[in-house]
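J.: Input start_6.txt, format and content: compact mmCIF, C-alpha atoms.
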# COMPACT_ATOMS: atom_id res chain seq x y z
CA MET A 1 2.46 6.00 13.57
CA LEU A 2 3.95 9.37 12.74
CA ARG A 3 5.95 9.31 15.98
CA GLU A 4 7.42 5.88 15.35
CA PRO A 5 11.14 5.93 14.56
CA ALA A 6 12.35 4.76 11.17
CA PRO A 7 13.53 1.15 10.97
CA PRO A 8 17.20 0.47 10.25
CA ALA A 9 18.11 1.98 6.87
CA ASP A 10 19.64 -1.30 5.68
CA ASN A 11 16.26 -3.08 5.92
CA LEU A 12 14.58 -1.79 2.78
CA TYR A 13 11.39 -3.81 3.17
CA LEU A 14 10.69 -2.47 6.66
CA THR A 15 11.62 1.03 5.56
CA GLY A 16 9.24 0.78 2.61
CA THR A 17 6.36 -0.46 4.76
CA TRP A 18 7.14 2.27 7.33
CA HIS A 19 6.83 4.92 4.60
CA TYR A 20 3.59 3.28 3.41
CA ALA A 21 2.08 3.36 6.91
CA ARG A 22 3.22 6.96 7.39
CA GLY A 23 1.63 7.88 4.07
CA LEU A 24 -1.70 6.46 5.22
CA ALA A 25 -1.35 8.30 8.53
CA PHE A 26 -0.60 11.57 6.72
CA LEU A 27 -3.70 11.06 4.59
CA GLY A 28 -5.74 10.46 7.70
CA LYS A 29 -4.62 13.85 8.94
CA GLY A 30 -5.31 15.51 5.58
CA GLN A 31 -1.60 16.09 4.87
CA VAL A 32 -1.63 15.05 1.22
CA ALA A 33 1.73 16.64 0.33
CA ASP A 34 3.47 14.62 3.05
CA ALA A 35 1.64 11.49 1.90
CA GLU A 36 2.89 12.08 -1.65
CA LYS A 37 6.47 12.28 -0.30
CA ALA A 38 5.94 8.97 1.50
CA LEU A 39 4.57 7.50 -1.74
CA ALA A 40 7.68 8.63 -3.62
CA GLU A 41 9.84 6.83 -1.05
CA VAL A 42 7.76 3.65 -1.31
CA GLN A 43 8.16 3.77 -5.10
CA ARG A 44 11.90 4.43 -4.90
CA ILE A 45 12.47 1.57 -2.46
CA GLY A 46 10.17 -0.74 -4.42
CA ARG A 47 12.45 -0.49 -7.47
CA ASP A 48 15.46 -1.84 -5.57
CA PRO A 49 16.49 -5.26 -6.98
CA SER A 50 17.63 -6.46 -3.55
CA LEU A 51 13.95 -6.96 -2.57
CA ALA A 52 13.71 -10.13 -4.70
CA TYR A 53 13.63 -12.42 -1.65
CA SER A 54 10.70 -14.27 -0.08
CA LEU A 55 9.35 -13.16 3.25
CA PHE A 56 6.74 -15.01 5.26
CA SER A 57 4.80 -16.20 2.20
CA PRO A 58 5.52 -17.32 -1.36
CA ASN A 59 5.62 -13.63 -2.34
CA THR A 60 8.80 -11.63 -2.53
CA ALA A 61 9.38 -8.45 -0.57
CA ALA A 62 9.28 -6.58 -3.89
CA ALA A 63 5.88 -8.06 -4.83
CA ILE A 64 4.34 -7.18 -1.49
CA LEU A 65 5.80 -3.68 -1.46
CA ALA A 66 4.68 -3.17 -5.07
CA ILE A 67 1.07 -3.31 -3.89
CA ALA A 68 1.67 -0.40 -1.49
CA SER A 69 2.31 2.16 -4.24
CA PRO A 70 -1.01 1.90 -6.10
CA VAL A 71 -2.95 1.59 -2.83
CA LEU A 72 -1.31 4.65 -1.27
CA GLY A 73 -1.46 6.52 -4.58
CA GLY A 74 -5.15 5.73 -4.97
CA GLU A 75 -5.92 6.70 -1.40
CA SER A 76 -4.16 10.05 -1.84
CA ARG A 77 -6.29 10.89 -4.89
CA GLN A 78 -9.59 9.76 -3.39
CA PRO A 79 -11.81 12.16 -1.46
CA ALA A 80 -11.98 11.43 2.25
CA ARG A 81 -14.57 8.82 3.27
CA SER A 82 -15.65 8.19 -0.31
CA THR A 83 -17.22 4.78 -0.92
CA THR A 84 -16.90 4.85 -4.70
CA ARG A 85 -14.01 4.09 -6.95
CA PRO A 86 -11.81 7.10 -7.81
CA SER A 87 -12.24 8.28 -11.39
CA HIS A 88 -8.61 7.47 -12.31
CA CYS A 89 -9.09 3.77 -11.54
CA SER A 90 -9.91 1.30 -14.23
CA SER A 91 -12.48 -1.42 -13.72
CA ARG A 92 -9.65 -3.62 -12.40
CA PRO A 93 -7.26 -1.29 -10.56
CA CYS A 94 -3.88 -2.61 -9.57
CA ALA A 95 -4.57 -5.86 -11.39
CA SER A 96 -1.17 -5.91 -13.04
CA THR A 97 0.53 -5.47 -9.67
CA THR A 98 -1.47 -8.03 -7.72
CA ALA A 99 -1.63 -10.62 -10.51
CA SER A 100 1.92 -11.72 -9.73
CA CYS A 101 1.17 -12.24 -6.03
CA THR A 102 0.03 -15.43 -4.39
CA ARG A 103 -2.94 -14.94 -2.08
CA SER A 104 -1.69 -15.89 1.34
CA LEU A 105 -3.83 -13.83 3.71
CA PRO A 106 -6.30 -15.63 5.93
CA SER A 107 -9.96 -15.18 5.07
CA ALA A 108 -10.68 -14.40 8.72
CA LEU A 109 -9.09 -10.95 8.66
CA PRO A 110 -10.70 -8.34 10.89
CA ALA A 111 -13.40 -6.27 9.19
CA PRO A 112 -11.26 -3.11 8.72
CA ALA A 113 -8.57 -5.11 6.92
CA ARG A 114 -11.15 -6.71 4.63
CA ALA A 115 -12.67 -3.28 3.92
CA ARG A 116 -9.27 -1.80 3.07
CA GLY A 117 -8.64 -4.75 0.76
CA ARG A 118 -11.90 -4.08 -1.08
CA ALA A 119 -11.02 -0.38 -1.32
CA ALA A 120 -7.58 -1.24 -2.68
CA ARG A 121 -9.19 -3.31 -5.40
CA GLY A 122 -11.57 -0.47 -6.26
CA TRP A 123 -14.74 -2.16 -5.09
CA GLN A 124 -17.59 -0.17 -3.70
CA ALA A 125 -18.16 -0.49 0.03
CA ARG A 126 -21.32 -2.41 0.83
Please go through the file and, once you have read it, give me the structure as structure tokens.

T.:
Amino acid sequence: MLREPAPPADNLYLTGTWHYARGLAFLGKGQVADAEKALAEVQRIGRDPSLAYSLFSPNTAAAILAIASPVLGGESRQPARSTTRPSHCSSRPCASTTASCTRSLPSALPAPARARGRAARGWQAR
């Protein structure tokens, strides 16, 4: 992922998701400072009012990208391979962000995607 070129600068949604994916890749390599820079870009792009359009679901680009910030931010503050909720998370982390989204993902996601979803919601791995 870190070798992938940036998408066209005029496509803010793709650029935001590219920064999100790079942030996760940086975290995987233990490069927290670089992940924090990627998080800052995701947050900056996420505030752009031009992302108020629907994509492939009832959700807007802004709503989908808004989920990336707390997930990436939570991952960057969580010890590697931890299966418990980080101390900074409330009992319902990211609830205010995800409450405005319509669930549109299939229930038959591969196991890693389901596990990441549980981690993003602050659930303990089982």

J.: Using all atoms listed in the file, which protein or nucleic acid residues come within 8 Å of range 24-31 of chain A? Drop anything in the same chain fewer than 3 positions from it, and give the result as a list in words.

T.: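 The filter keeps Met1, Leu2, Tyr20, Ala21, Asp34, Ala35, Leu72, Glu75 and Ser76 of chain A.
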
J.: Taking all atoms listed in the file into account, name the residue in A:Leu12, A:Leu39, A:Ile45, A:Ala6 that is nearest to Gly74 in chain A.

T.: A:Leu39

J.: Quote the spacing between CA of Glu4 in chain A and CA of Leu55 in chain A in Å to one decimal place.

T.: 22.6 Å

J.: Rounded to one decimal place, report the CA of Ile64 in chain A-CA of Arg3 in chain A distance in Å.

T.: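 Distance reported for this atom pair: 24.1 Å.
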
J.: Suppose you want the space between CA of Pro70 in chain A and CA of Pro7 in chain A; what is it in Å?

T.: 22.4 Å

J.: Give the answer as one residue: which of A:Leu14, A:Val42, A:Ala9, A:Val32 has the shortest atom-to-atom distance to Ile67 in chain A, using only C-alpha atoms?

T.: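 Looking at the shortest contact to Ile67 in chain A, the residue is A:Val42.
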
J.: I'd like the contact shell of Ser50 in chain A - 10 Å cut-off, only C-alpha atoms, skipping same-chain residues fewer than 3 positions apart - returned as a PyMOL selection string.

T.: chain A and resi 12-13+45-47+53+61-62

J.: From the options A:Thr17, A:Pro5, A:Asn11, A:Ala40, which residue's atoms come nearest to Leu65 in chain A, counting only C-alpha atoms?

T.: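 Among the listed residues, A:Thr17 lies closest to Leu65 in chain A.
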
J.: Counting all atoms listed in the file, which residue out of A:Glu36, A:Asp10, A:Gly23, A:Gln43 sits closest to Ser69 in chain A?

T.: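 Closest candidate: A:Gln43.
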
J.: A:Ala38, A:Ala63, A:Leu51, A:Val71: which is nearest Arg22 in chain A, counting all atoms listed in the file?

T.: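 Of all the options, A:Ala38 lies closest to Arg22 in chain A.
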